[in-house]
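*Asks:* Data file entry-v8.csv (CSV, C-alpha atoms) is appended below.
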```csv
chain,number,residue,atom,x,y,z
A,1,MET,CA,-19.1,-12.4,-9.1
A,2,THR,CA,-17.5,-15.8,-9.8
A,3,ALA,CA,-15.7,-16.7,-6.6
A,4,THR,CA,-13.6,-19.8,-7.0
A,5,THR,CA,-11.4,-21.5,-4.4
A,6,THR,CA,-7.7,-20.7,-4.9
A,7,PRO,CA,-4.9,-22.9,-3.6
A,8,HIS,CA,-2.8,-21.3,-0.8
A,9,ILE,CA,-5.0,-18.3,-0.3
A,10,THR,CA,-7.0,-18.7,2.9
A,11,ILE,CA,-9.2,-15.7,3.1
A,12,SER,CA,-12.7,-16.4,1.7
A,13,PRO,CA,-13.2,-16.5,-2.1
A,14,GLU,CA,-15.8,-13.7,-1.6
A,15,SER,CA,-13.2,-11.5,0.2
A,16,GLN,CA,-10.7,-12.2,-2.6
A,17,GLU,CA,-13.2,-11.0,-5.2
A,18,GLN,CA,-14.3,-8.0,-3.2
A,19,LEU,CA,-10.8,-6.7,-2.4
A,20,PHE,CA,-8.8,-7.8,-5.4
A,21,ARG,CA,-10.1,-9.9,-8.3
A,22,ALA,CA,-13.5,-8.4,-9.1
A,23,ALA,CA,-12.8,-4.9,-7.6
A,24,ARG,CA,-12.2,-2.2,-10.1
A,25,THR,CA,-11.2,1.5,-10.2
A,26,ALA,CA,-14.5,3.4,-10.6
A,27,ASN,CA,-14.8,6.4,-12.8
A,28,THR,CA,-18.5,7.0,-12.3
A,29,PHE,CA,-20.6,6.8,-9.1
A,30,THR,CA,-24.2,6.8,-8.0
A,31,ASP,CA,-25.6,9.7,-5.9
A,32,GLU,CA,-25.6,7.7,-2.7
A,33,PRO,CA,-23.7,9.6,0.0
A,34,VAL,CA,-20.7,8.2,1.7
A,35,THR,CA,-21.1,8.9,5.4
A,36,ASP,CA,-18.6,9.8,8.1
A,37,GLU,CA,-19.6,6.6,9.8
A,38,GLN,CA,-18.4,4.6,6.8
A,39,VAL,CA,-15.1,6.4,6.7
A,40,ARG,CA,-14.7,5.8,10.4
A,41,ALA,CA,-15.3,2.1,9.9
A,42,ILE,CA,-12.7,2.0,7.1
A,43,TYR,CA,-10.2,3.8,9.3
A,44,ASP,CA,-10.9,1.5,12.2
A,45,LEU,CA,-10.0,-1.5,9.9
A,46,VAL,CA,-7.0,-0.2,8.0
A,47,LYS,CA,-5.3,1.6,10.9
A,48,TRP,CA,-4.0,-1.8,12.1
A,49,ALA,CA,-1.9,-2.5,9.0
A,50,PRO,CA,1.8,-2.0,9.6
A,51,THR,CA,4.1,1.0,9.1
A,52,SER,CA,7.8,1.5,10.1
A,53,MET,CA,8.1,2.1,13.8
A,54,ASN,CA,4.3,2.5,13.8
A,55,GLN,CA,4.7,6.0,12.4
A,56,GLN,CA,1.3,6.3,10.7
A,57,PRO,CA,2.0,9.4,8.6
A,58,LEU,CA,-1.2,9.1,6.5
A,59,ARG,CA,-3.7,11.9,6.8
A,60,ALA,CA,-7.1,11.9,5.0
A,61,THR,CA,-9.0,15.1,4.2
A,62,LEU,CA,-12.6,14.6,3.3
A,63,VAL,CA,-13.6,17.2,0.8
A,64,ARG,CA,-17.2,17.8,1.9
A,65,SER,CA,-18.2,21.4,1.1
A,66,PRO,CA,-19.1,22.4,-2.4
A,67,GLU,CA,-16.6,25.2,-2.2
A,68,ALA,CA,-13.7,23.0,-1.3
A,69,ARG,CA,-14.7,20.5,-3.9
A,70,GLU,CA,-14.6,23.2,-6.6
A,71,ARG,CA,-11.1,24.2,-5.4
A,72,LEU,CA,-9.9,20.6,-5.5
A,73,VAL,CA,-11.4,20.0,-9.0
A,74,GLY,CA,-9.4,23.0,-10.2
A,75,HIS,CA,-6.2,21.3,-9.3
A,76,MET,CA,-7.0,18.0,-10.9
A,77,SER,CA,-5.8,17.0,-14.4
A,78,ASP,CA,-8.3,17.5,-17.1
A,79,GLY,CA,-9.2,13.8,-17.3
A,80,ASN,CA,-9.9,13.7,-13.6
A,81,LYS,CA,-11.9,16.8,-13.2
A,82,GLU,CA,-15.4,15.6,-14.0
A,83,LYS,CA,-15.3,12.4,-11.9
A,84,THR,CA,-13.8,14.3,-9.0
A,85,ALA,CA,-16.6,16.9,-9.2
A,86,ARG,CA,-19.3,14.2,-9.3
A,87,ALA,CA,-18.2,11.6,-6.8
A,88,PRO,CA,-20.2,11.4,-3.6
A,89,LEU,CA,-16.9,11.8,-1.7
A,90,ALA,CA,-13.4,12.9,-2.7
A,91,VAL,CA,-10.6,12.3,-0.2
A,92,ILE,CA,-7.2,14.0,-0.3
A,93,LEU,CA,-4.6,11.6,1.1
A,94,THR,CA,-1.4,13.2,2.3
A,95,ALA,CA,1.8,12.3,4.2
A,96,ASP,CA,2.2,14.4,7.4
A,97,THR,CA,5.9,15.2,7.6
A,98,ASP,CA,5.4,16.0,11.3
A,99,PHE,CA,4.3,12.4,12.0
A,100,HIS,CA,7.3,12.1,14.4
A,101,GLU,CA,5.6,14.3,17.0
A,102,HIS,CA,3.3,11.4,17.7
A,103,LEU,CA,6.0,8.8,18.2
A,104,PRO,CA,6.4,9.2,21.9
A,105,SER,CA,2.8,8.0,22.3
A,106,GLN,CA,2.7,5.6,19.3
A,107,PHE,CA,6.1,3.9,19.7
A,108,PRO,CA,6.8,3.7,23.4
A,109,PRO,CA,9.4,0.9,23.0
A,110,ALA,CA,11.9,3.5,21.8
A,111,PRO,CA,11.5,6.7,23.8
A,112,ASN,CA,14.0,8.4,21.5
A,113,ALA,CA,12.2,7.5,18.3
A,114,LYS,CA,11.2,11.1,17.6
A,115,ASP,CA,14.9,12.1,17.6
A,116,LEU,CA,15.7,9.6,14.9
A,117,PHE,CA,13.6,11.8,12.5
A,118,ALA,CA,15.2,15.2,13.3
A,119,ASP,CA,16.5,15.5,9.7
A,120,PRO,CA,13.8,17.0,7.6
A,121,ALA,CA,14.8,15.2,4.4
A,122,GLY,CA,14.9,11.8,6.0
A,123,ARG,CA,11.7,12.5,7.7
A,124,GLU,CA,10.0,13.4,4.5
A,125,ALA,CA,11.2,10.3,2.8
A,126,SER,CA,9.9,8.1,5.6
A,127,ALA,CA,6.6,10.0,5.7
A,128,ARG,CA,6.1,9.5,1.9
A,129,LEU,CA,7.1,5.8,2.0
A,130,ASN,CA,4.9,4.9,5.0
A,131,ALA,CA,1.9,7.0,4.1
A,132,THR,CA,2.0,5.5,0.6
A,133,LEU,CA,1.8,2.0,2.1
A,134,GLN,CA,-1.2,3.4,4.0
A,135,VAL,CA,-2.8,4.7,0.8
A,136,GLY,CA,-2.7,1.1,-0.5
A,137,TYR,CA,-4.3,-0.1,2.7
A,138,PHE,CA,-6.9,2.7,2.5
A,139,ILE,CA,-7.9,1.7,-1.1
A,140,LEU,CA,-8.4,-1.9,0.0
A,141,GLY,CA,-10.3,-0.6,3.0
A,142,VAL,CA,-12.8,1.3,0.8
A,143,ARG,CA,-13.4,-1.9,-1.1
A,144,ALA,CA,-13.8,-3.8,2.2
A,145,ALA,CA,-16.6,-1.5,3.0
A,146,GLY,CA,-18.4,-2.5,-0.2
A,147,LEU,CA,-17.6,0.8,-1.9
A,148,ALA,CA,-15.6,1.5,-5.0
A,149,ALA,CA,-12.4,3.6,-5.0
A,150,GLY,CA,-11.2,5.8,-7.8
A,151,PRO,CA,-7.6,6.6,-6.8
A,152,MET,CA,-5.9,9.3,-8.9
A,153,THR,CA,-2.4,10.7,-9.1
A,154,GLY,CA,-3.1,13.2,-11.9
A,155,PHE,CA,-3.2,16.6,-10.2
A,156,ASP,CA,-1.2,19.7,-9.5
A,157,ALA,CA,0.4,18.5,-6.2
A,158,ALA,CA,1.9,21.9,-5.4
A,159,GLY,CA,-1.4,23.5,-6.1
A,160,ILE,CA,-3.3,21.2,-3.7
A,161,GLU,CA,-0.7,21.6,-1.0
A,162,GLY,CA,-0.6,25.4,-1.2
A,163,ASP,CA,-4.4,25.6,-1.2
A,164,PHE,CA,-5.4,23.0,1.3
A,165,PHE,CA,-2.2,22.6,3.5
A,166,PRO,CA,-0.6,26.0,3.7
A,167,GLY,CA,1.3,24.9,6.8
A,168,GLY,CA,3.8,23.1,4.6
A,169,THR,CA,3.8,19.8,6.5
A,170,HIS,CA,1.6,17.8,4.1
A,171,ARG,CA,2.7,16.1,0.9
A,172,VAL,CA,-0.3,15.0,-1.3
A,173,LEU,CA,0.1,11.4,-2.5
A,174,ALA,CA,-3.3,10.6,-4.0
A,175,VAL,CA,-6.9,11.8,-4.4
A,176,VAL,CA,-9.4,9.1,-4.1
A,177,ASN,CA,-13.0,9.3,-5.2
A,178,VAL,CA,-15.3,7.0,-3.1
A,179,GLY,CA,-18.9,5.8,-3.7
A,180,ARG,CA,-21.1,3.2,-5.2
A,181,PRO,CA,-20.2,2.5,-8.8
A,182,GLY,CA,-22.5,4.2,-11.3
A,183,PRO,CA,-23.3,3.4,-15.0
A,184,ASP,CA,-20.3,2.4,-17.1
A,185,ALA,CA,-18.2,2.8,-14.0
A,186,TRP,CA,-15.0,1.1,-15.4
A,187,TYR,CA,-13.0,0.6,-18.5
A,188,PRO,CA,-12.2,-2.9,-19.8
A,189,ARG,CA,-9.9,-4.8,-17.4
A,190,LEU,CA,-6.3,-4.2,-18.3
A,191,PRO,CA,-3.6,-7.0,-18.3
A,192,ARG,CA,-1.1,-7.6,-15.6
A,193,LEU,CA,2.5,-8.5,-15.8
A,194,GLU,CA,3.3,-12.3,-15.7
A,195,TYR,CA,4.7,-13.8,-12.5
A,196,ASP,CA,8.1,-14.3,-14.1
A,197,GLN,CA,8.3,-10.6,-15.1
A,198,VAL,CA,7.8,-9.5,-11.5
A,199,VAL,CA,9.3,-12.2,-9.3
A,200,SER,CA,12.7,-13.7,-9.5
A,201,SER,CA,15.0,-15.8,-7.2
A,202,VAL,CA,18.6,-15.4,-6.2
B,203,MET,CA,-9.4,-15.0,16.9
B,204,THR,CA,-12.4,-13.1,18.1
B,205,ALA,CA,-14.2,-12.1,14.9
B,206,THR,CA,-17.1,-9.7,15.5
B,207,THR,CA,-19.4,-8.2,13.0
B,208,THR,CA,-18.5,-4.6,12.2
B,209,PRO,CA,-21.0,-2.1,10.9
B,210,HIS,CA,-20.2,-0.9,7.3
B,211,ILE,CA,-17.5,-3.4,6.6
B,212,THR,CA,-18.8,-6.1,4.3
B,213,ILE,CA,-15.9,-8.5,4.0
B,214,SER,CA,-16.2,-11.4,6.4
B,215,PRO,CA,-15.2,-10.9,10.0
B,216,GLU,CA,-12.6,-13.7,9.5
B,217,SER,CA,-11.1,-11.9,6.6
B,218,GLN,CA,-10.9,-8.7,8.6
B,219,GLU,CA,-9.1,-10.5,11.4
B,220,GLN,CA,-6.7,-12.3,9.1
B,221,LEU,CA,-5.8,-9.2,7.0
B,222,PHE,CA,-6.0,-6.4,9.5
B,223,ARG,CA,-7.2,-6.7,13.1
B,224,ALA,CA,-5.5,-9.9,14.4
B,225,ALA,CA,-2.6,-9.9,11.9
B,226,ARG,CA,0.8,-8.9,13.3
B,227,THR,CA,4.3,-8.2,12.1
B,228,ALA,CA,6.2,-11.4,12.9
B,229,ASN,CA,9.8,-11.3,14.3
B,230,THR,CA,10.2,-15.1,14.6
B,231,PHE,CA,9.2,-17.9,12.3
B,232,THR,CA,8.9,-21.7,12.2
B,233,ASP,CA,11.1,-23.7,9.9
B,234,GLU,CA,8.2,-24.5,7.5
B,235,PRO,CA,9.3,-23.5,4.0
B,236,VAL,CA,7.4,-20.9,2.0
B,237,THR,CA,7.1,-22.4,-1.5
B,238,ASP,CA,7.2,-20.7,-4.9
B,239,GLU,CA,3.6,-21.9,-5.4
B,240,GLN,CA,2.6,-19.9,-2.3
B,241,VAL,CA,4.4,-16.8,-3.7
B,242,ARG,CA,2.7,-17.3,-7.0
B,243,ALA,CA,-0.7,-17.5,-5.4
B,244,ILE,CA,0.0,-14.3,-3.5
B,245,TYR,CA,1.1,-12.5,-6.7
B,246,ASP,CA,-1.9,-13.8,-8.6
B,247,LEU,CA,-4.1,-12.2,-6.0
B,248,VAL,CA,-2.4,-8.8,-5.4
B,249,LYS,CA,-1.5,-8.1,-9.0
B,250,TRP,CA,-5.1,-7.0,-9.5
B,251,ALA,CA,-4.9,-4.0,-7.1
B,252,PRO,CA,-4.6,-0.7,-8.8
B,253,THR,CA,-1.6,1.4,-9.9
B,254,SER,CA,-1.4,4.7,-11.8
B,255,MET,CA,-1.9,3.9,-15.5
B,256,ASN,CA,-1.4,0.2,-14.6
B,257,GLN,CA,2.3,0.8,-14.4
B,258,GLN,CA,3.0,-2.1,-11.9
B,259,PRO,CA,6.6,-1.1,-11.0
B,260,LEU,CA,7.0,-3.6,-8.1
B,261,ARG,CA,9.6,-6.3,-8.4
B,262,ALA,CA,10.1,-9.1,-5.9
B,263,THR,CA,13.4,-10.9,-5.4
B,264,LEU,CA,13.1,-14.1,-3.4
B,265,VAL,CA,16.4,-14.6,-1.6
B,266,ARG,CA,16.6,-18.4,-1.7
B,267,SER,CA,20.3,-19.3,-1.7
B,268,PRO,CA,22.2,-19.3,1.6
B,269,GLU,CA,24.9,-17.2,-0.1
B,270,ALA,CA,22.5,-14.6,-1.2
B,271,ARG,CA,20.8,-14.6,2.2
B,272,GLU,CA,24.1,-14.0,3.9
B,273,ARG,CA,24.8,-11.0,1.6
B,274,LEU,CA,21.3,-9.6,2.4
B,275,VAL,CA,21.8,-10.0,6.1
B,276,GLY,CA,25.0,-8.0,5.9
B,277,HIS,CA,23.0,-5.0,4.5
B,278,MET,CA,20.3,-5.1,7.2
B,279,SER,CA,20.3,-2.9,10.3
B,280,ASP,CA,21.6,-4.7,13.4
B,281,GLY,CA,18.1,-5.2,14.8
B,282,ASN,CA,16.9,-6.9,11.6
B,283,LYS,CA,19.9,-9.2,10.9
B,284,GLU,CA,18.9,-12.2,13.0
B,285,LYS,CA,15.3,-12.4,11.9
B,286,THR,CA,16.2,-11.9,8.3
B,287,ALA,CA,18.8,-14.8,8.6
B,288,ARG,CA,16.3,-17.1,10.2
B,289,ALA,CA,13.1,-16.5,8.2
B,290,PRO,CA,12.0,-19.3,5.9
B,291,LEU,CA,11.9,-16.7,3.1
B,292,ALA,CA,13.2,-13.1,2.7
B,293,VAL,CA,11.9,-11.0,-0.2
B,294,ILE,CA,13.5,-7.8,-1.5
B,295,LEU,CA,10.8,-5.5,-2.8
B,296,THR,CA,12.0,-2.9,-5.3
B,297,ALA,CA,10.7,-0.3,-7.7
B,298,ASP,CA,11.7,-0.9,-11.3
B,299,THR,CA,12.5,2.5,-12.8
B,300,ASP,CA,12.2,1.0,-16.2
B,301,PHE,CA,8.6,0.0,-15.7
B,302,HIS,CA,7.6,2.2,-18.6
B,303,GLU,CA,9.0,-0.3,-21.0
B,304,HIS,CA,6.0,-2.4,-20.3
B,305,LEU,CA,3.4,0.3,-20.8
B,306,PRO,CA,2.8,-0.4,-24.5
B,307,SER,CA,1.5,-3.9,-23.5
B,308,GLN,CA,0.1,-3.0,-20.0
B,309,PHE,CA,-1.7,0.3,-20.9
B,310,PRO,CA,-3.0,-0.1,-24.4
B,311,PRO,CA,-5.6,2.8,-24.1
B,312,ALA,CA,-2.7,5.3,-24.4
B,313,PRO,CA,-0.2,4.2,-27.0
B,314,ASN,CA,2.0,7.1,-26.0
B,315,ALA,CA,2.0,6.2,-22.3
B,316,LYS,CA,5.7,5.3,-22.3
B,317,ASP,CA,6.7,8.7,-23.7
B,318,LEU,CA,5.0,10.4,-20.6
B,319,PHE,CA,7.8,8.9,-18.5
B,320,ALA,CA,10.8,10.0,-20.6
B,321,ASP,CA,12.1,12.1,-17.7
B,322,PRO,CA,14.1,9.9,-15.4
B,323,ALA,CA,13.3,11.9,-12.2
B,324,GLY,CA,9.6,11.9,-12.8
B,325,ARG,CA,9.8,8.2,-13.7
B,326,GLU,CA,11.6,7.3,-10.5
B,327,ALA,CA,9.1,9.3,-8.4
B,328,SER,CA,6.2,7.4,-10.1
B,329,ALA,CA,8.0,4.1,-9.7
B,330,ARG,CA,8.5,4.7,-6.0
B,331,LEU,CA,5.0,5.8,-5.4
B,332,ASN,CA,3.3,3.0,-7.2
B,333,ALA,CA,5.6,0.2,-6.2
B,334,THR,CA,5.1,1.4,-2.6
B,335,LEU,CA,1.4,1.0,-3.0
B,336,GLN,CA,2.1,-2.5,-4.3
B,337,VAL,CA,4.3,-3.2,-1.2
B,338,GLY,CA,1.2,-2.5,0.9
B,339,TYR,CA,-0.8,-4.9,-1.3
B,340,PHE,CA,1.9,-7.5,-1.1
B,341,ILE,CA,2.0,-7.4,2.8
B,342,LEU,CA,-1.8,-8.0,2.9
B,343,GLY,CA,-1.4,-10.7,0.2
B,344,VAL,CA,1.1,-12.6,2.4
B,345,ARG,CA,-1.5,-12.4,5.2
B,346,ALA,CA,-4.3,-13.6,2.8
B,347,ALA,CA,-2.2,-16.7,2.2
B,348,GLY,CA,-2.3,-17.5,6.0
B,349,LEU,CA,1.3,-16.5,6.4
B,350,ALA,CA,2.9,-13.8,8.6
B,351,ALA,CA,4.9,-10.9,7.1
B,352,GLY,CA,7.8,-9.1,8.7
B,353,PRO,CA,8.3,-6.0,6.6
B,354,MET,CA,11.4,-4.0,7.3
B,355,THR,CA,12.8,-0.7,6.2
B,356,GLY,CA,15.9,-0.8,8.3
B,357,PHE,CA,18.8,-1.6,5.9
B,358,ASP,CA,21.5,0.0,3.8
B,359,ALA,CA,19.5,0.7,0.6
B,360,ALA,CA,22.5,1.7,-1.5
B,361,GLY,CA,24.3,-1.5,-0.3
B,362,ILE,CA,21.4,-3.8,-1.4
B,363,GLU,CA,21.0,-2.0,-4.7
B,364,GLY,CA,24.7,-2.1,-5.5
B,365,ASP,CA,24.9,-5.8,-4.5
B,366,PHE,CA,21.7,-7.3,-5.9
B,367,PHE,CA,20.7,-4.8,-8.6
B,368,PRO,CA,23.9,-3.5,-10.3
B,369,GLY,CA,22.0,-2.4,-13.4
B,370,GLY,CA,20.9,0.7,-11.5
B,371,THR,CA,17.2,0.4,-12.3
B,372,HIS,CA,15.9,-0.9,-9.0
B,373,ARG,CA,15.2,1.1,-5.8
B,374,VAL,CA,14.8,-1.0,-2.8
B,375,LEU,CA,11.6,-0.1,-0.8
B,376,ALA,CA,11.3,-2.9,1.8
B,377,VAL,CA,12.6,-6.3,2.7
B,378,VAL,CA,9.9,-8.6,3.9
B,379,ASN,CA,10.4,-11.8,5.9
B,380,VAL,CA,7.7,-14.4,5.3
B,381,GLY,CA,6.7,-17.6,7.1
B,382,ARG,CA,4.5,-19.1,9.8
B,383,PRO,CA,4.9,-17.2,13.1
B,384,GLY,CA,7.3,-18.9,15.6
B,385,PRO,CA,7.5,-18.6,19.4
B,386,ASP,CA,7.1,-15.1,20.8
B,387,ALA,CA,6.6,-13.9,17.2
B,388,TRP,CA,5.4,-10.4,18.1
B,389,TYR,CA,5.8,-7.6,20.5
B,390,PRO,CA,2.8,-6.2,22.4
B,391,ARG,CA,0.2,-4.5,20.1
B,392,LEU,CA,1.1,-0.8,19.7
B,393,PRO,CA,-1.6,1.9,19.8
B,394,ARG,CA,-3.0,3.7,16.8
B,395,LEU,CA,-3.8,7.3,16.2
B,396,GLU,CA,-7.4,8.3,16.9
B,397,TYR,CA,-9.7,8.9,13.9
B,398,ASP,CA,-9.8,12.7,14.6
B,399,GLN,CA,-6.0,12.8,14.5
B,400,VAL,CA,-6.0,11.3,11.0
B,401,VAL,CA,-9.2,12.3,9.3
B,402,SER,CA,-10.6,15.8,8.9
B,403,SER,CA,-13.2,17.5,6.7
B,404,VAL,CA,-13.1,20.6,4.7
```
Could you write out this structure as structure tokens?

*Replies:*
Amino acid sequence: MTATTTPHITISPESQEQLFRAARTANTFTDEPVTDEQVRAIYDLVKWAPTSMNQQPLRATLVRSPEARERLVGHMSDGNKEKTARAPLAVILTADTDFHEHLPSQFPPAPNAKDLFADPAGREASARLNATLQVGYFILGVRAAGLAAGPMTGFDAAGIEGDFFPGGTHRVLAVVNVGRPGPDAWYPRLPRLEYDQVVSSV
Amino acid sequence: MTATTTPHITISPESQEQLFRAARTANTFTDEPVTDEQVRAIYDLVKWAPTSMNQQPLRATLVRSPEARERLVGHMSDGNKEKTARAPLAVILTADTDFHEHLPSQFPPAPNAKDLFADPAGREASARLNATLQVGYFILGVRAAGLAAGPMTGFDAAGIEGDFFPGGTHRVLAVVNVGRPGPDAWYPRLPRLEYDQVVSSV
């Protein structure tokens, strides 16, 4: 890890490396378990990051049993099956479209907040947007715990939803493998777009 | 800032506070400008966080001119107008639905990656999902630069898209005010869902 001081960035160089610069998407893992206590610590960190009206629609399903893992693997794209089968922990991250039921307790400044989400289509769009923000926070939280994340979007979403969330109120956004990186855990670093390809001024 | 050591989280307590625990959504700002160099440093940090197939659909439009700021304010919800008018910097964060044009350079392992996104509906869904992940990374990057973010989703999206992105290839996801927090910058801290309301095991 080569941590260098960067102008304008004020978190420690070590944190920059661990969260962003040196962190990589892992494709293999060691056998070391990921404990519920680690997941709890990750949640207790990332829960503070912001969502619209504090709506917090993200839900995380830890796929712990061998039987459930086998079902999950069956829904993954071919290229994601083996790593999902072997990771110490696989987590299904979903948007709960009934998040608004919690708004009376979670957003007390607006007692009518729940009513603003009476329309199912608008509610689903808001759940997807805000839960996806929270997926980003969660990935960085895994890294903040010294673990490697292997986030994936290659799966049969309808299959996972029908199998794991038959109530119909969850939309799967990502499946994330979590653990300590194993041998040959990552591919070569890919490029990134240049600043001027991404940022413009008006 | 009361930085305490947390079990299982291995980034520094100060970084935990700055990014998550003590950081807050700012509603007022000082007059101190946010420079392009600061935005560049933020991008050079958060660009490393992962997206599906390295697609990087996020685009950031810095609303610098008074004329453009006035137009933006006109599209914001009433409760977001004044703070968007007064912030040192307002940034429009969009998903570029033509992100796939960059895949030949950004995802060389799969020379046919661009062809996987020939379908406009699938491409837009992927752009929205991955750019929203990147909005989450960007918000934390603002905080990593010692600045406060004021992310907002209350605006007329079609109005912003028609006014600022007439080409039709951008979907606005969030507008984020950026600066140093001003007087009474934040509301009281809101609660968060309990671990058992968010995380379950199967």

*Asks:* Quick one, how far is CA of Ala347 (chain B) from CA of Ile11 (chain A)?

*Replies:*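 Pair CA of Ala347 (chain B) / CA of Ile11 (chain A) returns 7.1 Å.
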
*Asks:* Pull out every residue of chain B sitting within 6 Å of chain A, counting only C-alpha atoms, and send them as an MDAnalysis selection string.

*Replies:* chainID B and resid 210:213 217 222:223 240 250:251 261:266 308 334:335 338 346:348 393 400:404

*Asks:* Calculate how many Å separate CA of Thr84 (chain A) from CA of Gly179 (chain A), rounding to one decimal.

*Replies:*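 Computing it gives 11.2 Å between the two atoms.
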
*Asks:* Kindly provide, as JSON, numbers by chain, the polymer residues lying within 12 Å of (20.5, -0.3, -16.8), counting all atoms listed in the file and using the coordinates exactly as they appear in the file.

*Replies:* {"B": [298, 299, 300, 301, 367, 368, 369, 370, 371, 372]}

*Asks:* Quick one: pull the distance between CA of Arg373 (chain B) and CA of Ala327 (chain B), Å, one decimal.

*Replies:*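 Going from CA of Arg373 (chain B) over to CA of Ala327 (chain B), I get 10.5 Å.
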
*Asks:* Could you check the closest approach to Ala289 (chain B) for each of B:Asp358, B:Asp365, B:Asp386, B:Asp233 and tell me which residue wins, using all atoms listed in the file?

*Replies:* B:Asp233

*Asks:* Neighbouring residues of Pro290 (chain B) were defined as those with any atom within 9 Å, considering all atoms listed in the file; residues of the same chain fewer than 6 positions away were excluded. Please report them as a PDB file with C-alpha atoms, in the frame of the given file.

*Replies:*
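Contents of selection14.pdb, freshly written:
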```pdb
ATOM      1  CA  PHE B 231       9.200 -17.900  12.300  1.00  0.00           C
ATOM      2  CA  THR B 232       8.900 -21.700  12.200  1.00  0.00           C
ATOM      3  CA  ASP B 233      11.100 -23.700   9.900  1.00  0.00           C
ATOM      4  CA  GLU B 234       8.200 -24.500   7.500  1.00  0.00           C
ATOM      5  CA  PRO B 235       9.300 -23.500   4.000  1.00  0.00           C
ATOM      6  CA  VAL B 236       7.400 -20.900   2.000  1.00  0.00           C
ATOM      7  CA  ARG B 266      16.600 -18.400  -1.700  1.00  0.00           C
ATOM      8  CA  ASN B 379      10.400 -11.800   5.900  1.00  0.00           C
ATOM      9  CA  VAL B 380       7.700 -14.400   5.300  1.00  0.00           C
ATOM     10  CA  GLY B 381       6.700 -17.600   7.100  1.00  0.00           C
ATOM     11  CA  ARG B 382       4.500 -19.100   9.800  1.00  0.00           C
TER      12      ARG B 382
END
```

*Asks:* For Ala387 (chain B), please output as a CSV table (one decimal) with C-alpha atoms, in the coordinates of the input all residues within 6 Å (counting all atoms listed in the file; exclusion window: fewer than 5 positions along the same chain).

*Replies:*
```csv
chain,number,residue,atom,x,y,z
B,228,ALA,CA,6.2,-11.4,12.9
B,229,ASN,CA,9.8,-11.3,14.3
B,230,THR,CA,10.2,-15.1,14.6
```

*Asks:* Using all atoms listed in the file, which residues sit within 12 Å of Leu116 (chain A) once same-chain residues fewer than 2 positions away are excluded, as a ChimeraX atom specification?

*Replies:* /A:53,55,100-101,103-104,110-114,118-123,126

*Asks:* Could you pull region 150-174 of chain A out of the block above and save it with C-alpha atoms, as a short mmCIF file (atom, residue, chain, number, x, y, z; two decimals), in the first residue's frame?

*Replies:*
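New file selection03.cif:
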```
data_model
loop_
_atom_site.label_atom_id
_atom_site.label_comp_id
_atom_site.auth_asym_id
_atom_site.auth_seq_id
_atom_site.Cartn_x
_atom_site.Cartn_y
_atom_site.Cartn_z
CA GLY A 150 -17.40 -8.50 -4.67
CA PRO A 151 -20.51 -6.65 -5.84
CA MET A 152 -22.42 -8.23 -8.73
CA THR A 153 -25.39 -7.25 -10.87
CA GLY A 154 -25.31 -10.31 -13.12
CA PHE A 155 -28.24 -12.44 -11.94
CA ASP A 156 -31.87 -13.29 -12.68
CA ALA A 157 -33.54 -10.55 -10.62
CA ALA A 158 -37.06 -11.93 -11.03
CA GLY A 159 -35.78 -15.35 -10.00
CA ILE A 160 -34.17 -14.06 -6.80
CA GLU A 161 -37.20 -11.93 -5.96
CA GLY A 162 -39.66 -14.78 -6.49
CA ASP A 163 -37.54 -17.26 -4.58
CA PHE A 164 -36.34 -15.15 -1.62
CA PHE A 165 -38.93 -12.35 -1.44
CA PRO A 166 -42.30 -13.84 -2.39
CA GLY A 167 -44.14 -10.97 -0.68
CA GLY A 168 -43.42 -8.83 -3.71
CA THR A 169 -42.09 -5.79 -1.83
CA HIS A 170 -38.36 -6.27 -2.50
CA ARG A 171 -36.42 -5.34 -5.63
CA VAL A 172 -32.97 -6.90 -5.81
CA LEU A 173 -30.26 -4.36 -6.68
CA ALA A 174 -27.01 -6.24 -6.11
#
```
